[in-house]
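Engineer: So here's work_29.txt (compact mmCIF, C-alpha atoms).
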```txt
# COMPACT_ATOMS: atom_id res chain seq x y z
CA MET A 1 84.04 -55.85 193.16
CA ALA A 2 86.59 -53.48 194.63
CA LEU A 3 85.24 -49.97 195.15
CA SER A 4 85.83 -47.10 192.77
CA LYS A 5 87.27 -43.88 194.18
CA GLU A 6 83.75 -42.41 194.13
CA GLN A 7 82.43 -45.37 196.16
CA ILE A 8 85.22 -44.97 198.73
CA ALA A 9 84.14 -41.33 199.08
CA GLN A 10 80.50 -42.41 199.30
CA ARG A 11 81.26 -44.86 202.13
CA ILE A 12 83.28 -42.26 204.04
CA ALA A 13 80.42 -39.77 203.70
CA LYS A 14 78.49 -42.00 206.15
CA GLU A 15 81.04 -41.06 208.83
CA VAL A 16 80.16 -37.36 208.50
CA LYS A 17 77.67 -36.47 211.22
CA ASP A 18 75.25 -33.61 211.80
CA GLY A 19 77.03 -30.51 213.13
CA TYR A 20 80.52 -31.54 211.99
CA TYR A 21 83.17 -29.16 210.72
CA VAL A 22 85.20 -31.26 208.25
CA ASN A 23 88.56 -30.79 206.54
CA LEU A 24 88.93 -32.68 203.27
CA GLY A 25 92.32 -33.44 201.75
CA ILE A 26 93.17 -33.53 198.06
CA GLY A 27 92.07 -36.48 195.86
CA ILE A 28 89.46 -39.02 197.03
CA PRO A 29 88.66 -36.95 200.19
CA THR A 30 87.50 -34.00 198.04
CA LEU A 31 84.84 -36.29 196.52
CA VAL A 32 83.29 -36.97 199.95
CA ALA A 33 81.48 -33.61 199.82
CA ASN A 34 79.38 -34.92 196.91
CA TYR A 35 77.87 -37.73 199.01
CA VAL A 36 77.10 -36.13 202.37
CA ARG A 37 73.37 -36.40 203.22
CA ASP A 38 71.59 -33.15 202.55
CA ASP A 39 69.39 -33.42 205.66
CA ILE A 40 72.34 -32.80 208.00
CA ALA A 41 74.27 -29.58 208.66
CA VAL A 42 77.97 -29.88 207.80
CA GLU A 43 80.57 -27.21 207.03
CA PHE A 44 83.71 -27.89 205.04
CA GLN A 45 86.94 -26.16 206.03
CA SER A 46 89.74 -25.54 203.59
CA GLU A 47 93.02 -24.75 205.33
CA ASN A 48 93.87 -21.87 202.99
CA GLY A 49 91.22 -19.90 204.84
CA VAL A 50 87.54 -20.70 204.29
CA LEU A 51 84.75 -22.37 206.24
CA GLY A 52 81.48 -23.13 204.48
CA MET A 53 82.96 -24.18 201.16
CA GLY A 54 80.42 -24.88 198.42
CA PRO A 55 80.57 -26.69 195.07
CA PHE A 56 82.72 -25.70 192.10
CA PRO A 57 81.46 -22.53 190.38
CA TRP A 58 79.35 -22.53 187.25
CA GLU A 59 81.37 -22.04 184.09
CA GLY A 60 82.18 -18.35 183.73
CA GLU A 61 81.69 -17.58 187.44
CA GLU A 62 85.20 -18.54 188.62
CA ASP A 63 86.79 -16.08 191.06
CA PRO A 64 90.62 -16.13 191.19
CA ASP A 65 90.39 -14.89 194.80
CA LEU A 66 88.34 -17.90 195.86
CA ILE A 67 90.10 -21.29 195.82
CA ASN A 68 90.43 -24.41 197.98
CA ALA A 69 93.61 -26.00 199.33
CA GLY A 70 93.99 -27.90 196.03
CA LYS A 71 94.07 -24.49 194.28
CA GLN A 72 90.75 -25.27 192.57
CA THR A 73 88.16 -22.54 192.08
CA ILE A 74 85.24 -22.93 194.53
CA THR A 75 82.13 -21.17 195.83
CA THR A 76 80.89 -20.45 199.33
CA LEU A 77 77.56 -21.33 200.97
CA ALA A 78 75.36 -19.27 203.29
CA GLY A 79 77.16 -18.91 206.63
CA ALA A 80 80.64 -19.09 205.11
CA SER A 81 83.60 -17.13 206.50
CA PHE A 82 87.14 -16.27 205.46
CA PHE A 83 90.19 -16.06 207.72
CA ASP A 84 93.95 -16.02 207.49
CA SER A 85 96.30 -19.03 207.50
CA SER A 86 97.40 -18.69 211.12
CA LEU A 87 93.80 -18.65 212.37
CA SER A 88 92.96 -21.50 210.00
CA PHE A 89 95.63 -23.70 211.56
CA GLY A 90 94.61 -22.34 214.94
CA MET A 91 91.19 -23.94 214.46
CA ILE A 92 92.91 -27.15 213.34
CA ARG A 93 95.47 -27.34 216.19
CA GLY A 94 92.82 -26.14 218.64
CA GLN A 95 90.70 -29.20 217.68
CA HIS A 96 87.71 -27.17 216.59
CA VAL A 97 87.56 -29.21 213.37
CA ASP A 98 85.64 -32.44 214.08
CA LEU A 99 86.83 -34.68 211.27
CA THR A 100 89.84 -34.79 208.95
CA ILE A 101 89.77 -36.98 205.85
CA LEU A 102 92.99 -37.38 203.92
CA GLY A 103 94.87 -39.63 201.55
CA ALA A 104 98.00 -41.66 202.34
CA MET A 105 100.82 -43.56 200.70
CA GLU A 106 101.22 -45.85 203.73
CA VAL A 107 99.48 -46.45 207.05
CA ALA A 108 101.00 -48.56 209.81
CA GLN A 109 98.99 -50.72 212.21
CA ASN A 110 99.94 -48.41 215.10
CA GLY A 111 98.30 -45.47 213.29
CA ASP A 112 101.45 -43.92 211.81
CA ILE A 113 100.88 -42.29 208.43
CA ALA A 114 103.23 -41.45 205.54
CA ASN A 115 101.91 -39.29 202.72
CA TRP A 116 104.33 -36.49 201.85
CA LYS A 117 107.66 -37.72 200.58
CA ILE A 118 109.33 -40.47 198.58
CA PRO A 119 113.06 -39.82 199.12
CA GLU A 120 114.85 -38.86 195.90
CA LYS A 121 111.65 -39.35 193.86
CA MET A 122 108.87 -37.10 195.08
CA VAL A 123 109.64 -34.19 197.38
CA LYS A 124 106.79 -31.74 197.05
CA GLY A 125 106.30 -30.86 200.67
CA MET A 126 103.83 -31.73 203.40
CA GLY A 127 101.54 -28.73 202.99
CA GLY A 128 99.15 -28.80 205.94
CA ALA A 129 99.17 -32.58 206.42
CA MET A 130 101.52 -32.66 209.43
CA ASP A 131 99.51 -30.00 211.26
CA LEU A 132 96.25 -31.81 210.48
CA VAL A 133 97.31 -35.32 211.53
CA SER A 134 99.08 -34.17 214.71
CA SER A 135 96.07 -32.18 215.89
CA ALA A 136 92.87 -33.89 214.79
CA GLU A 137 91.15 -36.33 217.16
CA ASN A 138 89.23 -37.98 214.37
CA ILE A 139 91.19 -38.89 211.25
CA ILE A 140 89.96 -41.11 208.43
CA VAL A 141 92.32 -42.16 205.66
CA ALA A 142 90.88 -42.63 202.18
CA MET A 143 93.12 -44.65 199.89
CA MET A 144 93.48 -47.64 197.61
CA HIS A 145 94.42 -50.80 199.52
CA THR A 146 97.52 -51.39 197.38
CA ASN A 147 99.88 -49.15 195.40
CA ARG A 148 100.43 -49.21 191.64
CA ALA A 149 102.97 -52.02 192.02
CA GLY A 150 100.29 -54.06 193.81
CA GLU A 151 101.99 -53.79 197.21
CA SER A 152 100.00 -53.31 200.39
CA LYS A 153 99.72 -49.74 201.71
CA LEU A 154 98.66 -51.14 205.10
CA LEU A 155 101.89 -52.13 206.81
CA GLU A 156 103.33 -53.33 210.09
CA SER A 157 105.41 -50.13 210.06
CA CYS A 158 105.79 -47.37 207.47
CA SER A 159 108.81 -47.49 205.15
CA LEU A 160 108.44 -43.88 203.91
CA PRO A 161 109.19 -40.73 205.94
CA LEU A 162 106.37 -40.19 208.43
CA THR A 163 103.79 -37.42 208.34
CA GLY A 164 102.55 -38.19 211.85
CA VAL A 165 102.75 -40.85 214.55
CA GLY A 166 99.91 -42.92 215.99
CA CYS A 167 97.21 -40.65 214.64
CA VAL A 168 95.04 -42.58 212.16
CA LYS A 169 91.85 -44.10 213.61
CA LYS A 170 90.08 -45.47 210.57
CA ILE A 171 90.90 -46.40 206.96
CA VAL A 172 88.50 -46.82 204.07
CA THR A 173 90.02 -48.52 201.04
CA ASN A 174 88.66 -50.01 197.85
CA LEU A 175 88.50 -53.36 199.69
CA ALA A 176 87.57 -52.70 203.32
CA VAL A 177 86.74 -50.43 206.24
CA ILE A 178 89.43 -50.88 208.86
CA GLU A 179 89.86 -49.61 212.40
CA ILE A 180 93.27 -49.14 213.99
CA THR A 181 93.44 -51.01 217.31
CA ASP A 182 96.19 -51.85 219.80
CA LYS A 183 96.46 -55.32 218.25
CA GLY A 184 96.42 -54.40 214.57
CA PHE A 185 94.08 -53.61 211.69
CA LEU A 186 90.54 -54.61 212.66
CA VAL A 187 88.39 -55.38 209.60
CA LEU A 188 84.97 -53.79 210.16
CA GLU A 189 83.42 -54.13 206.70
CA ARG A 190 84.32 -55.51 203.31
CA ALA A 191 83.53 -54.15 199.86
CA PRO A 192 80.57 -55.85 198.19
CA GLY A 193 81.70 -59.13 196.64
CA ILE A 194 85.18 -58.95 198.20
CA SER A 195 86.12 -61.87 200.42
CA VAL A 196 88.07 -61.74 203.66
CA LYS A 197 90.73 -63.84 201.88
CA GLU A 198 91.18 -61.13 199.23
CA ILE A 199 91.62 -58.51 201.97
CA GLU A 200 94.17 -60.73 203.73
CA ALA A 201 96.10 -61.23 200.50
CA ALA A 202 96.30 -57.46 199.91
CA THR A 203 97.39 -56.54 203.47
CA ALA A 204 100.95 -56.69 204.82
CA GLY A 205 100.23 -55.68 208.43
CA THR A 206 98.51 -57.70 211.16
CA LEU A 207 94.80 -58.16 210.42
CA ILE A 208 92.18 -58.91 213.01
CA ILE A 209 89.19 -60.61 211.41
CA PRO A 210 85.99 -61.03 213.40
CA ASN A 211 83.78 -64.05 212.73
CA GLU A 212 81.33 -61.87 210.86
CA VAL A 213 82.58 -59.17 208.47
CA PRO A 214 79.52 -57.49 206.94
CA GLU A 215 79.44 -56.02 203.45
CA MET A 216 79.53 -52.23 203.25
CA THR A 217 76.41 -50.27 202.62
CA PHE A 218 76.42 -46.80 201.15
CA SER A 219 73.38 -45.04 202.53
CA MET B 1 97.27 10.17 210.01
CA ILE B 2 100.73 8.73 209.45
CA ASN B 3 101.15 8.47 205.71
CA LYS B 4 102.46 5.13 204.40
CA ARG B 5 101.84 5.81 200.74
CA VAL B 6 104.81 5.73 198.36
CA ASN B 7 104.73 7.21 194.87
CA SER B 8 106.32 4.41 192.88
CA ILE B 9 107.13 0.75 193.07
CA GLN B 10 110.83 1.72 193.01
CA GLU B 11 110.31 3.72 196.18
CA ALA B 12 108.35 0.80 197.69
CA LEU B 13 111.30 -1.55 197.15
CA GLU B 14 114.05 0.88 198.16
CA GLY B 15 116.70 -0.82 200.28
CA VAL B 16 116.22 -4.29 198.78
CA GLN B 17 119.64 -5.96 198.49
CA ASP B 18 121.27 -9.21 197.46
CA GLY B 19 121.20 -11.88 200.16
CA MET B 20 118.13 -10.60 201.98
CA THR B 21 115.37 -12.73 203.54
CA MET B 22 111.92 -11.92 202.18
CA MET B 23 108.39 -13.04 202.97
CA PHE B 24 105.77 -13.30 200.23
CA GLY B 25 102.05 -13.57 200.90
CA GLY B 26 99.88 -15.89 198.82
CA PHE B 27 98.60 -19.45 198.58
CA GLY B 28 99.43 -20.98 195.23
CA LEU B 29 98.93 -18.05 192.86
CA CYS B 30 96.06 -16.63 194.93
CA GLY B 31 96.83 -13.36 196.71
CA ILE B 32 100.48 -13.06 195.64
CA PRO B 33 102.20 -9.65 195.39
CA GLU B 34 102.47 -9.76 191.59
CA ASN B 35 103.86 -6.25 191.13
CA CYS B 36 106.57 -6.62 193.78
CA ILE B 37 107.70 -9.97 192.36
CA ASN B 38 107.93 -8.51 188.85
CA GLU B 39 109.96 -5.56 190.14
CA LEU B 40 112.37 -7.90 192.00
CA VAL B 41 112.91 -9.69 188.68
CA THR B 42 113.64 -6.34 186.97
CA MET B 43 116.02 -5.29 189.78
CA GLY B 44 117.89 -8.57 189.41
CA VAL B 45 118.67 -8.94 193.13
CA LYS B 46 120.03 -12.39 193.91
CA ASP B 47 120.93 -14.87 196.67
CA LEU B 48 117.50 -14.28 198.16
CA CYS B 49 116.01 -16.38 200.94
CA CYS B 50 112.28 -16.51 200.21
CA ILE B 51 109.61 -17.46 202.73
CA SER B 52 106.34 -18.33 201.00
CA ASN B 53 103.83 -21.16 201.27
CA ASN B 54 104.45 -22.14 197.63
CA ALA B 55 106.99 -21.27 194.95
CA GLY B 56 104.70 -20.23 192.10
CA VAL B 57 104.54 -22.02 188.76
CA ASP B 58 107.25 -22.08 186.09
CA ASP B 59 106.26 -18.79 184.46
CA PHE B 60 104.34 -16.91 187.15
CA GLY B 61 104.73 -15.80 190.74
CA LEU B 62 107.96 -16.78 192.49
CA GLY B 63 108.66 -19.07 189.52
CA LEU B 64 109.86 -15.91 187.74
CA LEU B 65 112.57 -15.37 190.38
CA LEU B 66 113.50 -19.07 190.14
CA GLN B 67 113.92 -18.88 186.37
CA LYS B 68 116.46 -16.07 186.82
CA ARG B 69 118.24 -18.01 189.60
CA GLN B 70 117.62 -15.20 192.08
CA ILE B 71 116.65 -17.52 194.95
CA ARG B 72 119.36 -19.11 197.11
CA LYS B 73 117.03 -20.65 199.65
CA MET B 74 113.31 -21.36 199.67
CA ILE B 75 111.27 -21.88 202.84
CA ALA B 76 107.84 -23.30 201.93
CA SER B 77 105.27 -25.98 202.81
CA TYR B 78 104.41 -27.21 199.32
CA VAL B 79 106.33 -26.79 196.08
CA GLY B 80 104.65 -29.32 193.82
CA GLU B 81 103.62 -27.21 190.83
CA ASN B 82 107.00 -26.14 189.59
CA ALA B 83 109.35 -28.21 187.42
CA GLU B 84 112.21 -25.69 187.51
CA PHE B 85 111.97 -25.65 191.29
CA GLU B 86 112.27 -29.42 191.46
CA ARG B 87 115.27 -29.34 189.12
CA GLN B 88 117.14 -26.70 191.17
CA MET B 89 116.33 -28.54 194.40
CA LEU B 90 117.46 -31.96 193.16
CA THR B 91 120.72 -30.59 191.68
CA GLY B 92 121.39 -28.72 194.92
CA GLU B 93 121.53 -25.30 193.20
CA MET B 94 118.92 -24.09 195.64
CA GLU B 95 118.52 -24.87 199.32
CA VAL B 96 115.02 -25.86 200.42
CA GLU B 97 113.49 -25.94 203.90
CA LEU B 98 110.08 -27.59 203.98
CA VAL B 99 107.91 -26.48 206.89
CA PRO B 100 104.43 -27.72 207.86
CA GLN B 101 101.89 -25.15 206.66
CA GLY B 102 100.47 -24.27 210.07
CA THR B 103 103.99 -23.97 211.49
CA LEU B 104 104.95 -21.69 208.58
CA ALA B 105 101.97 -19.43 209.31
CA GLU B 106 102.68 -19.39 213.05
CA ARG B 107 106.40 -18.65 212.54
CA CYS B 108 105.26 -15.57 210.59
CA ARG B 109 102.64 -14.58 213.16
CA SER B 110 105.12 -15.05 216.01
CA ALA B 111 107.54 -12.66 214.31
CA GLN B 112 104.66 -10.22 213.88
CA VAL B 113 103.60 -10.31 217.54
CA GLY B 114 106.95 -10.61 219.34
CA ILE B 115 106.89 -14.27 220.36
CA PRO B 116 110.35 -15.80 219.80
CA ALA B 117 109.25 -19.45 219.69
CA PHE B 118 106.28 -21.74 220.29
CA PHE B 119 105.44 -25.41 220.78
CA THR B 120 103.40 -27.24 218.14
CA PRO B 121 102.47 -30.91 217.70
CA ALA B 122 102.99 -30.67 213.92
CA GLY B 123 105.92 -32.81 212.83
CA TYR B 124 106.52 -34.54 216.17
CA GLY B 125 108.03 -37.98 215.52
CA THR B 126 108.95 -37.07 211.91
CA GLU B 127 112.16 -35.86 210.27
CA ILE B 128 110.89 -32.27 210.74
CA ALA B 129 111.49 -32.69 214.48
CA GLN B 130 115.17 -33.59 214.13
CA GLY B 131 117.33 -31.39 216.37
CA LYS B 132 114.33 -29.60 217.88
CA GLU B 133 113.43 -29.47 221.55
CA VAL B 134 110.53 -31.78 222.50
CA ARG B 135 108.24 -31.08 225.46
CA ASN B 136 105.29 -33.01 226.79
CA PHE B 137 102.23 -31.02 227.86
CA ASN B 138 99.22 -32.88 229.30
CA GLY B 139 100.38 -36.18 227.83
CA LYS B 140 101.01 -34.96 224.30
CA ASN B 141 104.36 -34.26 222.63
CA TYR B 142 105.22 -30.93 221.00
CA ILE B 143 108.27 -29.53 219.23
CA LEU B 144 109.75 -26.07 219.59
CA GLU B 145 109.63 -23.87 216.50
CA GLU B 146 111.12 -20.39 216.19
CA ALA B 147 109.76 -17.16 214.75
CA PHE B 148 111.13 -16.09 211.37
CA LYS B 149 113.46 -13.13 210.96
CA ALA B 150 113.06 -11.32 207.64
CA ASP B 151 114.19 -8.07 206.03
CA PHE B 152 111.16 -7.49 203.81
CA ALA B 153 107.58 -8.75 203.72
CA PHE B 154 105.71 -8.36 200.42
CA ILE B 155 101.96 -8.33 200.90
CA LYS B 156 98.98 -8.25 198.55
CA ALA B 157 95.73 -6.80 199.88
CA TRP B 158 92.44 -5.96 198.14
CA LYS B 159 91.92 -2.45 199.50
CA GLY B 160 94.13 -0.19 201.55
CA ASP B 161 94.24 3.41 202.64
CA HIS B 162 97.09 5.92 202.91
CA ALA B 163 97.44 5.08 206.61
CA GLY B 164 98.29 1.48 205.66
CA ASN B 165 95.05 -0.08 206.88
CA LEU B 166 94.22 -3.22 204.90
CA ILE B 167 91.24 -5.28 203.77
CA PHE B 168 91.68 -8.65 202.09
CA LYS B 169 89.31 -10.50 199.76
CA GLY B 170 88.21 -14.14 199.82
CA THR B 171 90.94 -16.74 200.15
CA ALA B 172 93.47 -14.22 198.79
CA ARG B 173 93.88 -13.36 202.49
CA ASN B 174 95.81 -16.57 203.38
CA PHE B 175 99.40 -15.82 204.57
CA ASN B 176 99.24 -12.07 203.94
CA PRO B 177 97.92 -10.85 207.32
CA ALA B 178 100.38 -12.87 209.43
CA MET B 179 103.33 -11.54 207.40
CA CYS B 180 102.41 -7.88 207.96
CA GLY B 181 104.90 -6.48 210.44
CA ALA B 182 106.76 -9.81 210.58
CA ALA B 183 109.75 -8.31 208.72
CA THR B 184 111.80 -5.14 209.21
CA ILE B 185 109.97 -3.47 206.31
CA THR B 186 106.46 -4.46 205.20
CA VAL B 187 105.56 -3.43 201.65
CA VAL B 188 101.92 -3.73 200.64
CA GLU B 189 100.47 -3.58 197.16
CA VAL B 190 96.71 -3.16 196.82
CA GLU B 191 94.18 -3.26 194.01
CA GLU B 192 92.55 -0.10 195.28
CA LEU B 193 94.31 2.58 197.33
CA VAL B 194 92.02 5.16 198.93
CA PRO B 195 92.54 8.22 201.16
CA ALA B 196 92.50 7.69 204.94
CA GLY B 197 88.96 7.91 206.21
CA SER B 198 87.44 6.13 203.21
CA LEU B 199 87.47 2.68 204.82
CA ASP B 200 85.21 1.75 207.74
CA PRO B 201 87.50 1.15 210.77
CA ASN B 202 85.18 -1.73 211.75
CA GLN B 203 86.08 -3.58 208.57
CA ILE B 204 89.90 -3.30 208.72
CA HIS B 205 91.67 -6.69 208.81
CA ILE B 206 95.19 -5.36 209.47
CA PRO B 207 95.86 -1.93 211.02
CA GLY B 208 98.42 0.35 209.39
CA ILE B 209 100.85 0.09 212.31
CA PHE B 210 102.09 -3.19 210.74
CA VAL B 211 102.77 -1.52 207.37
CA GLN B 212 105.67 0.71 206.30
CA ARG B 213 104.91 1.27 202.61
CA ILE B 214 101.75 0.98 200.51
CA PHE B 215 101.04 1.50 196.83
CA GLN B 216 98.43 0.60 194.25
CA GLY B 217 99.54 -2.19 191.91
CA LYS B 218 99.51 -1.36 188.22
CA THR B 219 97.79 -4.46 186.90
CA TYR B 220 96.74 -7.84 188.24
CA GLU B 221 96.78 -10.95 186.13
CA LYS B 222 95.38 -13.11 188.97
CA ARG B 223 96.12 -16.32 187.18
CA ILE B 224 94.01 -19.34 188.21
CA GLU B 225 96.05 -22.47 188.86
CA GLN B 226 93.28 -25.10 188.72
CA ARG B 227 90.22 -23.75 186.94
CA THR B 228 87.47 -26.13 188.09
CA VAL B 229 83.86 -25.52 187.10
CA ARG B 230 80.45 -27.17 186.86
CA LYS B 231 78.83 -27.36 183.45
CA ARG B 232 75.60 -25.41 183.34
CA PRO B 233 72.60 -27.72 183.14
```
Would you mind giving the structure from this file in structure tokens?

Structural biologist:
Amino acid sequence: MALSKEQIAQRIAKEVKDGYYVNLGIGIPTLVANYVRDDIAVEFQSENGVLGMGPFPWEGEEDPDLINAGKQTITTLAGASFFDSSLSFGMIRGQHVDLTILGAMEVAQNGDIANWKIPEKMVKGMGGAMDLVSSAENIIVAMMHTNRAGESKLLESCSLPLTGVGCVKKIVTNLAVIEITDKGFLVLERAPGISVKEIEAATAGTLIIPNEVPEMTFS
Amino acid sequence: MINKRVNSIQEALEGVQDGMTMMFGGFGLCGIPENCINELVTMGVKDLCCISNNAGVDDFGLGLLLQKRQIRKMIASYVGENAEFERQMLTGEMEVELVPQGTLAERCRSAQVGIPAFFTPAGYGTEIAQGKEVRNFNGKNYILEEAFKADFAFIKAWKGDHAGNLIFKGTARNFNPAMCGAATITVVEVEELVPAGSLDPNQIHIPGIFVQRIFQGKTYEKRIEQRTVRKRP
């Protein structure tokens, strides 16, 4: 079975290590916070100016002065701090944030990413995505393997306007965990019950398939 | 103490004219200068160039200026929550410059601190980099971005004193501090205005030197864009 969005988030949560400062994008990445082990110390950064983001508030305890980058009401945890936008992107450009997890419309096998614009259809802006992908050392993309039309989002080269060049290191989709290498998309793991053939059929870029592709585990 | 306090919002916005470039603090609807925006709508000034991370929603924030067609050009990083904005952009009624969020913040901060331009990796290799100088430092490519020039900056702070010293609250801080002193005239509205000496100098986020005018806002709606809660068990 292909993974649900929650399961994609759950698999990515395994990549979050003790002591990491992590920036989560909107959509599937936001869900990752729900699955991070509670025996490790991790702080979530939201680029609108908070480190140490906590869960959504209890009903009735929403604070309009406390939101995340998706404009959702949030809470803070012990050790949290607030700062302004220029310092927030200072900690991003300065590579003080250890891991960035974000969504994408397309990823190319050289690590290029497109996730901000569909010419003449969707022009909402890049928000902080260009700053994040150009600065972070460790970027994981969380996305479905194919788009709504069933076309591969993993391509030889991106067709949409780029957000950043050569920056993605790893992709977790509903079908597979994939690493970007010099030679193409290296399949590291497959979703439970998904065959290598199904991954091949859903991928437009060059795939590298080792002899053994283990099934994902979630804990 | 140099007094920055003005007696009315009209006095705070004195000198605002058609065609001016204006900065607005805020992220989404969080920490926006609600009173100043409402007054600009009342004044009816037009052909404005607005610098703000977002453009409000259809009936709140900068969306109010959009409805009245007061904005000629919008400089922002994300404008997704506003149908009227999308319409005016696609028909070409309004000019739009999309800027990566960190670059937007730094172009404000640079104007504030007297740095004319800076190199950033954000947007290298994308359409944002078109026509911009590229330099390689230590094996990585950067593009040259310039500081903004603006006539007015409209800021929302939590507390302020008559000397113009400011304290922000929560994530309502966002773009506000970097815009203080980044324009010819910085106008600050606060929820609570107190006499100089009432705020602890250790706790000040922005010193009054960056502020020309300060007043206490009449009311704050503080609309929440995405109310997200957990159900109580």

Engineer: Counting all atoms listed in the file, which residues of chain A fall within 9 Å of chain B, and what is the closest atom pair for each with its distance in Å at one decimal, ordered by chain and rising number, as a tab-separated table?

Structural biologist:
```
residue	atom	partner	partner_atom	distance
A:Glu47	CA	B:Gly102	CA	8.8
A:Asn48	CA	B:Asn174	CA	5.7
A:Gly49	CA	B:Thr171	CA	5.7
A:Val50	CA	B:Thr171	CA	6.7
A:Pro55	CA	B:Arg230	CA	8.2
A:Phe56	CA	B:Val229	CA	5.1
A:Pro57	CA	B:Val229	CA	5.0
A:Trp58	CA	B:Arg230	CA	4.8
A:Glu59	CA	B:Val229	CA	5.2
A:Gly60	CA	B:Val229	CA	8.1
A:Glu61	CA	B:Val229	CA	8.2
A:Glu62	CA	B:Val229	CA	7.3
A:Asp63	CA	B:Ile224	CA	8.4
A:Pro64	CA	B:Ile224	CA	5.5
A:Asp65	CA	B:Ala172	CA	5.1
A:Leu66	CA	B:Thr171	CA	5.1
A:Ile67	CA	B:Thr171	CA	6.3
A:Asn68	CA	B:Thr171	CA	8.0
A:Ala69	CA	B:Phe27	CA	8.3
A:Gly70	CA	B:Gln226	CA	7.9
A:Lys71	CA	B:Gln226	CA	5.6
A:Gln72	CA	B:Gln226	CA	4.6
A:Thr73	CA	B:Thr228	CA	5.4
A:Ile74	CA	B:Thr228	CA	7.5
A:Ser81	CA	B:Gly170	CA	8.6
A:Phe82	CA	B:Gly170	CA	6.1
A:Phe83	CA	B:Arg173	CA	6.9
A:Asp84	CA	B:Asn174	CA	4.5
A:Ser85	CA	B:Asn174	CA	4.8
A:Ser86	CA	B:Ala105	CA	5.0
A:Leu87	CA	B:Ala105	CA	8.8
A:Ser88	CA	B:Gly102	CA	8.0
A:Phe89	CA	B:Gly102	CA	5.1
A:Gly90	CA	B:Gly102	CA	7.9
A:Ile92	CA	B:Gly102	CA	8.7
A:Arg93	CA	B:Pro121	CA	8.0
A:Glu120	CA	B:Leu90	CA	7.9
A:Met122	CA	B:Gly80	CA	8.9
A:Val123	CA	B:Gly80	CA	7.8
A:Lys124	CA	B:Gly80	CA	4.6
A:Gly125	CA	B:Tyr78	CA	4.3
A:Met126	CA	B:Ser77	CA	6.0
A:Gly127	CA	B:Ser77	CA	4.6
A:Gly128	CA	B:Gln101	CA	4.6
A:Ala129	CA	B:Pro100	CA	7.3
A:Met130	CA	B:Ala122	CA	5.1
A:Asp131	CA	B:Ala122	CA	4.4
A:Leu132	CA	B:Ala122	CA	7.7
A:Val133	CA	B:Ala122	CA	7.7
A:Ser134	CA	B:Ala122	CA	5.3
A:Ser135	CA	B:Pro121	CA	6.8
A:Pro161	CA	B:Thr126	CA	7.0
A:Leu162	CA	B:Thr126	CA	5.3
A:Thr163	CA	B:Thr126	CA	6.3
A:Gly164	CA	B:Gly123	CA	6.4
A:Val165	CA	B:Gly125	CA	6.1
```

Engineer: Quote the spacing between atom CA of Lys46 of chain B and atom CA of Arg72 of chain B in Å to one decimal place.

Structural biologist: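 Between atom CA of Lys46 of chain B and atom CA of Arg72 of chain B the gap is 7.5 Å.
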
Engineer: Skipping near chain neighbours, those fewer than 5 positions away, what residues fall within 10 Å of Ala111 of chain B using all atoms listed in the file, listed as a PDB file with C-alpha atoms, keeping the file's coordinate frame?

Structural biologist:
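Everything below was put into result-v3.pdb:
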```pdb
ATOM      1  CA  GLU B 106     102.680 -19.390 213.050  1.00  0.00           C
ATOM      2  CA  PRO B 116     110.350 -15.800 219.800  1.00  0.00           C
ATOM      3  CA  ALA B 117     109.250 -19.450 219.690  1.00  0.00           C
ATOM      4  CA  GLU B 146     111.120 -20.390 216.190  1.00  0.00           C
ATOM      5  CA  ALA B 147     109.760 -17.160 214.750  1.00  0.00           C
ATOM      6  CA  PHE B 148     111.130 -16.090 211.370  1.00  0.00           C
ATOM      7  CA  LYS B 149     113.460 -13.130 210.960  1.00  0.00           C
ATOM      8  CA  ALA B 150     113.060 -11.320 207.640  1.00  0.00           C
ATOM      9  CA  ALA B 178     100.380 -12.870 209.430  1.00  0.00           C
ATOM     10  CA  MET B 179     103.330 -11.540 207.400  1.00  0.00           C
ATOM     11  CA  CYS B 180     102.410  -7.880 207.960  1.00  0.00           C
ATOM     12  CA  GLY B 181     104.900  -6.480 210.440  1.00  0.00           C
ATOM     13  CA  ALA B 182     106.760  -9.810 210.580  1.00  0.00           C
ATOM     14  CA  ALA B 183     109.750  -8.310 208.720  1.00  0.00           C
TER      15      ALA B 183
END
```

Engineer: Would you kindly identify which residues have an atom no farther than 9 Å from (81.6, -33.0, 202.9), using all atoms listed in the file and the file's own coordinates, and write them out as a ChimeraX atom specification?

Structural biologist: /A:13,16,21-24,29-37,42-44

Engineer: Go ahead and save the picked residues with C-alpha atoms, as a CSV table (one decimal), keeping the file's coordinate frame.

Structural biologist:
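Result went into part_2.csv, see below:
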```csv
chain,number,residue,atom,x,y,z
A,13,ALA,CA,80.4,-39.8,203.7
A,16,VAL,CA,80.2,-37.4,208.5
A,21,TYR,CA,83.2,-29.2,210.7
A,22,VAL,CA,85.2,-31.3,208.2
A,23,ASN,CA,88.6,-30.8,206.5
A,24,LEU,CA,88.9,-32.7,203.3
A,29,PRO,CA,88.7,-37.0,200.2
A,30,THR,CA,87.5,-34.0,198.0
A,31,LEU,CA,84.8,-36.3,196.5
A,32,VAL,CA,83.3,-37.0,200.0
A,33,ALA,CA,81.5,-33.6,199.8
A,34,ASN,CA,79.4,-34.9,196.9
A,35,TYR,CA,77.9,-37.7,199.0
A,36,VAL,CA,77.1,-36.1,202.4
A,37,ARG,CA,73.4,-36.4,203.2
A,42,VAL,CA,78.0,-29.9,207.8
A,43,GLU,CA,80.6,-27.2,207.0
A,44,PHE,CA,83.7,-27.9,205.0
```

Engineer: Counting only C-alpha atoms, what is within 8 Å of Gly166 of chain A, bar same-chain residues fewer than 6 positions away, as a CSV table (one decimal) with C-alpha atoms, keeping the file's coordinate frame?

Structural biologist:
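Done, and the output landed in out-v1.csv:
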```csv
chain,number,residue,atom,x,y,z
A,110,ASN,CA,99.9,-48.4,215.1
A,111,GLY,CA,98.3,-45.5,213.3
A,112,ASP,CA,101.4,-43.9,211.8
A,113,ILE,CA,100.9,-42.3,208.4
```
